[in-house]
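Data first, discussion second: the structure below is written as structure tokens.
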Amino acid sequence: MRLMTKQDIYTYKMGKGSDNYRKIMEEVEGKVGKPNFEFSDFKCFKMAHGDVVSPSNICDDFVIRKLNDNIKRVFSIKTIDRNRILPQIKVLLSEGGEFWLQKLDITKFFESIPHREAVSLVLNDPRISYDSKRLLSKIFSSSCLGSREGLPRGISLSSTLSELYMRKFDTYCRKLEGCYFYAR
């Protein structure tokens, strides 16, 4: 229930009141808990910045959300957005002194991260439950996502897996000689 948003009520026609929501979530849990659960085909559409995928039904959507929540919690993943980075940069600039500021952008970031390697970081960790590993494997073996090399745009799981995958790179950059502040 805590993973639900107000938009879900309308998108998935969940009725009114917490009793209705709870009943639907119990149905989702029942379907997902079966050993023969399979993901439906994801919706794929083209946008200016690349192909975007999204879950096509409530079960797939909530499985992805719960997996994302589990992985973020186990690996202590916290994403930093620009609105938190910019004030830090302003403080550094106000302190004066001589330094270089570099802003770089990775073209097609999600597509550049090999999903097999990112997923294996999760699958090889003993803290992740068997069910989470099974469902994560099924997501990336689906016809829409399994054929792609990189992480898919459009699902929250991609952001989390990319953060996990980039940890070694971030650590390396923070340790570079002369690096005073680093954020990605």
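In the structure tokens, chains take letters A, B, ... by order of appearance, with residues numbered from 1 within each chain and ligands from 1 in the order shown.
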
Range 122-125 of chain A environment, 10 Å, only C-alpha atoms, sequence neighbours closer than 4 positions dropped, as a list in words: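 The neighbour list is Ile71, Val74, Phe75, Glu117, Ala118, Ser129, Tyr130, Ser132, Lys133, Arg134, Leu136, Ser137, Leu161, Leu164 and Tyr165 of chain A.
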
Would you put the residues from that selection into a file with N, CA, C and O atoms, as a PDB file, in the first residue's frame?
```pdb
ATOM      1  N   ILE A  71      15.740  -3.258  -3.482  1.00  0.00           N
ATOM      2  CA  ILE A  71      17.140  -3.051  -3.888  1.00  0.00           C
ATOM      3  C   ILE A  71      17.679  -1.756  -3.289  1.00  0.00           C
ATOM      4  O   ILE A  71      18.795  -1.730  -2.756  1.00  0.00           O
ATOM      5  N   VAL A  74      18.292  -2.420   0.514  1.00  0.00           N
ATOM      6  CA  VAL A  74      19.404  -3.329   0.816  1.00  0.00           C
ATOM      7  C   VAL A  74      20.748  -2.680   0.514  1.00  0.00           C
ATOM      8  O   VAL A  74      21.690  -2.797   1.286  1.00  0.00           O
ATOM      9  N   PHE A  75      20.842  -1.961  -0.612  1.00  0.00           N
ATOM     10  CA  PHE A  75      22.114  -1.369  -1.025  1.00  0.00           C
ATOM     11  C   PHE A  75      22.268   0.087  -0.580  1.00  0.00           C
ATOM     12  O   PHE A  75      23.240   0.740  -0.933  1.00  0.00           O
ATOM     13  N   GLU A 117      25.270  -6.964 -16.424  1.00  0.00           N
ATOM     14  CA  GLU A 117      26.234  -6.704 -15.346  1.00  0.00           C
ATOM     15  C   GLU A 117      25.567  -6.019 -14.157  1.00  0.00           C
ATOM     16  O   GLU A 117      25.855  -6.343 -13.004  1.00  0.00           O
ATOM     17  N   ALA A 118      24.676  -5.071 -14.445  1.00  0.00           N
ATOM     18  CA  ALA A 118      23.977  -4.376 -13.359  1.00  0.00           C
ATOM     19  C   ALA A 118      23.083  -5.337 -12.588  1.00  0.00           C
ATOM     20  O   ALA A 118      23.071  -5.336 -11.353  1.00  0.00           O
ATOM     21  N   SER A 129      16.398 -11.433  -1.407  1.00  0.00           N
ATOM     22  CA  SER A 129      15.617 -12.668  -1.274  1.00  0.00           C
ATOM     23  C   SER A 129      15.558 -13.440  -2.592  1.00  0.00           C
ATOM     24  O   SER A 129      15.718 -12.872  -3.671  1.00  0.00           O
ATOM     25  N   TYR A 130      15.289 -14.722  -2.458  1.00  0.00           N
ATOM     26  CA  TYR A 130      15.157 -15.589  -3.626  1.00  0.00           C
ATOM     27  C   TYR A 130      14.048 -15.076  -4.557  1.00  0.00           C
ATOM     28  O   TYR A 130      14.225 -15.038  -5.766  1.00  0.00           O
ATOM     29  N   SER A 132      12.853 -12.044  -4.919  1.00  0.00           N
ATOM     30  CA  SER A 132      13.277 -10.816  -5.605  1.00  0.00           C
ATOM     31  C   SER A 132      14.220 -11.139  -6.753  1.00  0.00           C
ATOM     32  O   SER A 132      14.105 -10.575  -7.845  1.00  0.00           O
ATOM     33  N   LYS A 133      15.138 -12.050  -6.517  1.00  0.00           N
ATOM     34  CA  LYS A 133      16.071 -12.455  -7.576  1.00  0.00           C
ATOM     35  C   LYS A 133      15.333 -13.119  -8.734  1.00  0.00           C
ATOM     36  O   LYS A 133      15.628 -12.862  -9.904  1.00  0.00           O
ATOM     37  N   ARG A 134      14.370 -13.970  -8.407  1.00  0.00           N
ATOM     38  CA  ARG A 134      13.592 -14.666  -9.443  1.00  0.00           C
ATOM     39  C   ARG A 134      12.827 -13.658 -10.302  1.00  0.00           C
ATOM     40  O   ARG A 134      12.864 -13.724 -11.535  1.00  0.00           O
ATOM     41  N   LEU A 136      13.410 -10.378 -10.642  1.00  0.00           N
ATOM     42  CA  LEU A 136      14.338  -9.513 -11.365  1.00  0.00           C
ATOM     43  C   LEU A 136      14.860 -10.216 -12.622  1.00  0.00           C
ATOM     44  O   LEU A 136      14.934  -9.621 -13.696  1.00  0.00           O
ATOM     45  N   SER A 137      15.185 -11.483 -12.489  1.00  0.00           N
ATOM     46  CA  SER A 137      15.644 -12.261 -13.646  1.00  0.00           C
ATOM     47  C   SER A 137      14.564 -12.342 -14.710  1.00  0.00           C
ATOM     48  O   SER A 137      14.841 -12.232 -15.907  1.00  0.00           O
ATOM     49  N   LEU A 161      19.355   0.488 -10.589  1.00  0.00           N
ATOM     50  CA  LEU A 161      20.426  -0.390 -11.072  1.00  0.00           C
ATOM     51  C   LEU A 161      21.606   0.412 -11.606  1.00  0.00           C
ATOM     52  O   LEU A 161      22.761   0.022 -11.424  1.00  0.00           O
ATOM     53  N   LEU A 164      23.674   1.630  -8.658  1.00  0.00           N
ATOM     54  CA  LEU A 164      24.452   0.521  -8.122  1.00  0.00           C
ATOM     55  C   LEU A 164      25.654   0.218  -9.017  1.00  0.00           C
ATOM     56  O   LEU A 164      26.779   0.056  -8.540  1.00  0.00           O
ATOM     57  N   TYR A 165      25.419   0.176 -10.313  1.00  0.00           N
ATOM     58  CA  TYR A 165      26.473  -0.122 -11.282  1.00  0.00           C
ATOM     59  C   TYR A 165      27.576   0.943 -11.262  1.00  0.00           C
ATOM     60  O   TYR A 165      28.754   0.627 -11.411  1.00  0.00           O
TER      61      TYR A 165
END
```

Write out as a PyMOL selection string the residues lying within 9 Å of Leu135 in chain A, counting only C-alpha atoms and excluding same-chain residues fewer than 2 positions away. chain A and resi 32+37-39+63-64+67+130-133+137-140

Just to be explicit: take each residue in the selection above, keep N, CA and C atoms, and write the result as a PDB file, in the first residue's frame.
```
ATOM      1  N   VAL A  32       1.320 -12.559  -8.246  1.00  0.00           N
ATOM      2  CA  VAL A  32       2.779 -12.476  -8.286  1.00  0.00           C
ATOM      3  C   VAL A  32       3.423 -13.608  -7.497  1.00  0.00           C
ATOM      4  N   PHE A  37       4.213 -17.104 -12.396  1.00  0.00           N
ATOM      5  CA  PHE A  37       3.986 -15.697 -12.758  1.00  0.00           C
ATOM      6  C   PHE A  37       4.960 -15.282 -13.853  1.00  0.00           C
ATOM      7  N   GLU A  38       4.435 -14.627 -14.859  1.00  0.00           N
ATOM      8  CA  GLU A  38       5.248 -14.091 -15.955  1.00  0.00           C
ATOM      9  C   GLU A  38       4.860 -12.642 -16.178  1.00  0.00           C
ATOM     10  N   PHE A  39       5.812 -11.845 -16.582  1.00  0.00           N
ATOM     11  CA  PHE A  39       5.529 -10.460 -16.923  1.00  0.00           C
ATOM     12  C   PHE A  39       4.837 -10.400 -18.275  1.00  0.00           C
ATOM     13  N   VAL A  63       5.264  -5.011  -9.053  1.00  0.00           N
ATOM     14  CA  VAL A  63       6.436  -5.871  -8.871  1.00  0.00           C
ATOM     15  C   VAL A  63       7.697  -5.038  -9.064  1.00  0.00           C
ATOM     16  N   ILE A  64       7.719  -4.233 -10.112  1.00  0.00           N
ATOM     17  CA  ILE A  64       8.888  -3.391 -10.387  1.00  0.00           C
ATOM     18  C   ILE A  64       9.104  -2.395  -9.262  1.00  0.00           C
ATOM     19  N   LEU A  67      10.435  -4.372  -6.188  1.00  0.00           N
ATOM     20  CA  LEU A  67      11.828  -4.752  -6.410  1.00  0.00           C
ATOM     21  C   LEU A  67      12.740  -3.545  -6.253  1.00  0.00           C
ATOM     22  N   TYR A 130      15.289 -14.722  -2.458  1.00  0.00           N
ATOM     23  CA  TYR A 130      15.157 -15.589  -3.626  1.00  0.00           C
ATOM     24  C   TYR A 130      14.048 -15.076  -4.557  1.00  0.00           C
ATOM     25  N   ASP A 131      12.886 -14.700  -3.985  1.00  0.00           N
ATOM     26  CA  ASP A 131      11.773 -14.213  -4.811  1.00  0.00           C
ATOM     27  C   ASP A 131      12.148 -12.946  -5.570  1.00  0.00           C
ATOM     28  N   SER A 132      12.853 -12.044  -4.919  1.00  0.00           N
ATOM     29  CA  SER A 132      13.277 -10.816  -5.605  1.00  0.00           C
ATOM     30  C   SER A 132      14.220 -11.139  -6.753  1.00  0.00           C
ATOM     31  N   LYS A 133      15.138 -12.050  -6.517  1.00  0.00           N
ATOM     32  CA  LYS A 133      16.071 -12.455  -7.576  1.00  0.00           C
ATOM     33  C   LYS A 133      15.333 -13.119  -8.734  1.00  0.00           C
ATOM     34  N   SER A 137      15.185 -11.483 -12.489  1.00  0.00           N
ATOM     35  CA  SER A 137      15.644 -12.261 -13.646  1.00  0.00           C
ATOM     36  C   SER A 137      14.564 -12.342 -14.710  1.00  0.00           C
ATOM     37  N   LYS A 138      13.321 -12.518 -14.280  1.00  0.00           N
ATOM     38  CA  LYS A 138      12.208 -12.614 -15.237  1.00  0.00           C
ATOM     39  C   LYS A 138      11.983 -11.302 -15.981  1.00  0.00           C
ATOM     40  N   ILE A 139      12.161 -10.185 -15.300  1.00  0.00           N
ATOM     41  CA  ILE A 139      11.972  -8.892 -15.969  1.00  0.00           C
ATOM     42  C   ILE A 139      12.936  -8.777 -17.140  1.00  0.00           C
ATOM     43  N   PHE A 140      14.195  -9.093 -16.880  1.00  0.00           N
ATOM     44  CA  PHE A 140      15.201  -8.891 -17.920  1.00  0.00           C
ATOM     45  C   PHE A 140      15.337 -10.080 -18.871  1.00  0.00           C
TER      46      PHE A 140
END
```

Residues of range 54-104 of chain A that approach range 144-154 of chain A to 12 Å or less, counting only C-alpha atoms: could you list each one with the shortest pair of atoms and its distance in Å to one decimal, rows by chain and increasing residue number, as JSON lines?
```
{"residue": "A:Ser54", "atom": "CA", "partner": "A:Gly154", "partner_atom": "CA", "distance": 5.8}
{"residue": "A:Pro55", "atom": "CA", "partner": "A:Gly154", "partner_atom": "CA", "distance": 9.0}
{"residue": "A:Ser56", "atom": "CA", "partner": "A:Cys144", "partner_atom": "CA", "distance": 11.8}
{"residue": "A:Asp61", "atom": "CA", "partner": "A:Gly154", "partner_atom": "CA", "distance": 11.3}
{"residue": "A:Ile64", "atom": "CA", "partner": "A:Gly154", "partner_atom": "CA", "distance": 11.3}
```

Output C-alpha atoms for every residue in that selection, as a PDB file, in the first residue's frame.
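For reference, part05.pdb as written:
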```pdb
ATOM      1  CA  SER A  54       6.497   1.007 -19.140  1.00  0.00           C
ATOM      2  CA  PRO A  55       4.652  -1.838 -17.445  1.00  0.00           C
ATOM      3  CA  SER A  56       1.393  -2.763 -19.153  1.00  0.00           C
ATOM      4  CA  ASP A  61       4.008  -2.146 -12.224  1.00  0.00           C
ATOM      5  CA  ILE A  64       8.888  -3.391 -10.387  1.00  0.00           C
TER       6      ILE A  64
END
```

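Nearest residue to Asp170 in chain A among A:Met14, A:Ala183, A:Ala48, A:Met25 is A:Ala183, counting only C-alpha atoms.
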
Can you check which parts of range 26-119 of chain A lie within 10 Å of range 1-10 of chain A? Per residue, the shortest pair of atoms and distance in Å to one decimal, counting only C-alpha atoms, sorted by chain and number, as a tab-separated table.
```
residue	atom	partner	partner_atom	distance
A:Glu26	CA	A:Met1	CA	9.9
A:Ile58	CA	A:Asp8	CA	8.6
A:Asp61	CA	A:Asp8	CA	9.9
A:Phe62	CA	A:Leu3	CA	7.6
A:Arg65	CA	A:Leu3	CA	7.0
A:Lys66	CA	A:Leu3	CA	7.4
A:Asp69	CA	A:Leu3	CA	8.6
```

Per DSSP on the backbone, what are the helix (DSSP H, G or I) residues of chain A, as an MDAnalysis selection string? chainID A and resid 6:11 18:33 58:75 82:94 109:112 115:123 130:139 143:146 156:165 167:174

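Of note, CA of Lys46 in chain A and CA of Val28 in chain A are spaced 28.8 Å apart.
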
Which one of A:Pro114, A:Asp51, A:Ile89, A:Arg82 sits closest to Leu101 in chain A if you count only C-alpha atoms?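 The answer is A:Ile89, which sits nearest to Leu101 in chain A.
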